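Report on one structure; see the data block that follows.
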Amino acid sequence: MSDESIPSVTWTQAAQRRPQPVQWDLVFFKIEEIIFPVSPHRLIESSEVFAGMFGLPTGEDQRVEGRDKEHPIVLEGYLASDFSALLRVLYPTLGDMISGTFKLKKEEWVGVLNLSTRWQMKEAREHAIKYLSGMTLSPVEKVVLARSHKVAKWLTEGLTEIVTEDPIRPFDELKSLGLETAGLLLWIRDQTVSHANGPGLHVTLGSLGCYNCKAAMFTSPANCRACGRQILVDDPEAIHICSCSVQIQDSGTSGPGRSQVVLNLQNMRCQHCSNYPLIATTYSCPSCGVGVSYGNFRLLSSSFRAKQNNDVTVDEAFKEEIASYESWDH
């Protein structure tokens, strides 16, 4: 049979019968009885989940959920407020674009983080973590959010802040993190922070670092401002931390040790006279030349841990959980 004997209309009809991808101009979602009409292009660009959903061909009856208000895509188990907040990030207003910021409340950013994590929206997730990191989060709140949304740096920060707080939080509050976590945190604290007046938290002069470049701020001995006793750079018995008033901040690196301890020199004590040994002033870093305030010294992790002997740290005790959350951002 020659090609000329096959009518071309046969191929056209076959193509028409073949399921075709839906051309989406507007899609309707229903969450908690609220209908959201949305142009889906940003959802498709931002999420493989939605890209797969909207790329499916139509069925035999050509009926497609979401094409009109009468047949919306129903999202069960989600909050309308979370979806509304996510749409504000994916479809910013002109004012948002001009200012370069989003005017969302903390609970709205938590909603964005929740949905962007569940729907694999990497950029929206990173944005939510960035904005929430700039807001006030309690140590317990950091741990709860970290575990709910797989954020490694919040888990490290929150747990470390809990074991270094003075006084320790009530056990009922720690228990909200789970009995195993509460018990482990109390055990870590008992090995370290509870020994604040003993050798457990002794530091050396050389372990005081520049907040900017991480280099040692003191490369030669200093004298105690109160008693005049000489403090050698590497003497582990000369000075110690007398208070748990330290700040735990994220260093921006991945893996164990991503948290950095920021120390106020007035929270240190001379072992000889029990006064704070260094003058409360701004010091010039010998490496980078930046002025470092007395309240903004970095405690160099290698020196600090060396004086804790074999005590277990948060990074070590929760290593597997931290690593599992880091995989979400790679």
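To be explicit about the labels: the chains of the structure tokens are called A, B, and onward in the order shown, and within each one the residues are counted from 1, while ligands get numbers from 1 in the order they are shown.
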
Practice task
Extract, using only C-alpha atoms, all DNA, RNA and protein residues at most 9 Å from stretch 281-293 of chain A, discarding same-chain residues fewer than 5 positions from it, and format them as a ChimeraX atom specification.
Solution key: /A:209-213,215-219,264

May I ask which of the residues A:Val163, A:Leu185, A:Val110, A:Glu320 is the closest one to A:His149, counting only C-alpha atoms?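 For A:His149, the nearest of the given residues is A:Val110.
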
**Request:** Give the answer as one residue: which of A:Glu316, A:Glu237, A:Asp82, A:Glu65 has the shortest atom-to-atom distance to A:Leu113, using only C-alpha atoms?
**Result:**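 Among A:Glu316, A:Glu237, A:Asp82, A:Glu65, it is A:Asp82 that comes nearest to A:Leu113.
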
**Request:** List every residue of stretch 116-154 of chain A that DSSP, applied to the backbone of this structure, assigns to helix (DSSP H, G or I), and report them as an NGL selection string.
**Result:** :A and (116-118 or 122-133 or 139-149 or 152-154)

For A:Leu177: contacts at 8 Å, only C-alpha atoms, fewer than 5 positions along chain excluded, given as a ChimeraX atom specification
/A:140,143-144,182

Generate a file of the selected residues that holds N, CA, C and O atoms, formatted as a PDB file, in the first residue's frame.
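Generated file (part-v6.pdb):
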```pdb
ATOM      1  N   VAL A 140      14.264  26.961  72.447  1.00  0.00           N
ATOM      2  CA  VAL A 140      13.322  25.855  72.275  1.00  0.00           C
ATOM      3  C   VAL A 140      12.587  25.997  70.945  1.00  0.00           C
ATOM      4  O   VAL A 140      12.354  25.006  70.239  1.00  0.00           O
ATOM      5  N   VAL A 143      14.724  24.731  68.104  1.00  0.00           N
ATOM      6  CA  VAL A 143      14.785  23.272  68.033  1.00  0.00           C
ATOM      7  C   VAL A 143      13.492  22.716  67.433  1.00  0.00           C
ATOM      8  O   VAL A 143      13.524  21.828  66.573  1.00  0.00           O
ATOM      9  N   VAL A 144      12.353  23.234  67.878  1.00  0.00           N
ATOM     10  CA  VAL A 144      11.065  22.756  67.382  1.00  0.00           C
ATOM     11  C   VAL A 144      10.939  23.020  65.879  1.00  0.00           C
ATOM     12  O   VAL A 144      10.553  22.136  65.099  1.00  0.00           O
ATOM     13  N   ALA A 182      15.702  15.968  76.279  1.00  0.00           N
ATOM     14  CA  ALA A 182      15.842  16.680  77.548  1.00  0.00           C
ATOM     15  C   ALA A 182      16.921  16.043  78.425  1.00  0.00           C
ATOM     16  O   ALA A 182      17.780  16.731  78.991  1.00  0.00           O
TER      17      ALA A 182
END
```

Distance of atom CA of A:Val261 from atom CA of A:Thr181, expressed in Å to one decimal place
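About the pair atom CA of A:Thr181 and atom CA of A:Val261: they are 21.6 Å apart.
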
Of A:Lys106, A:Gly111, A:Ala51, A:Pro167, the one nearest to A:Ser133 when counting only C-alpha atoms is A:Lys106
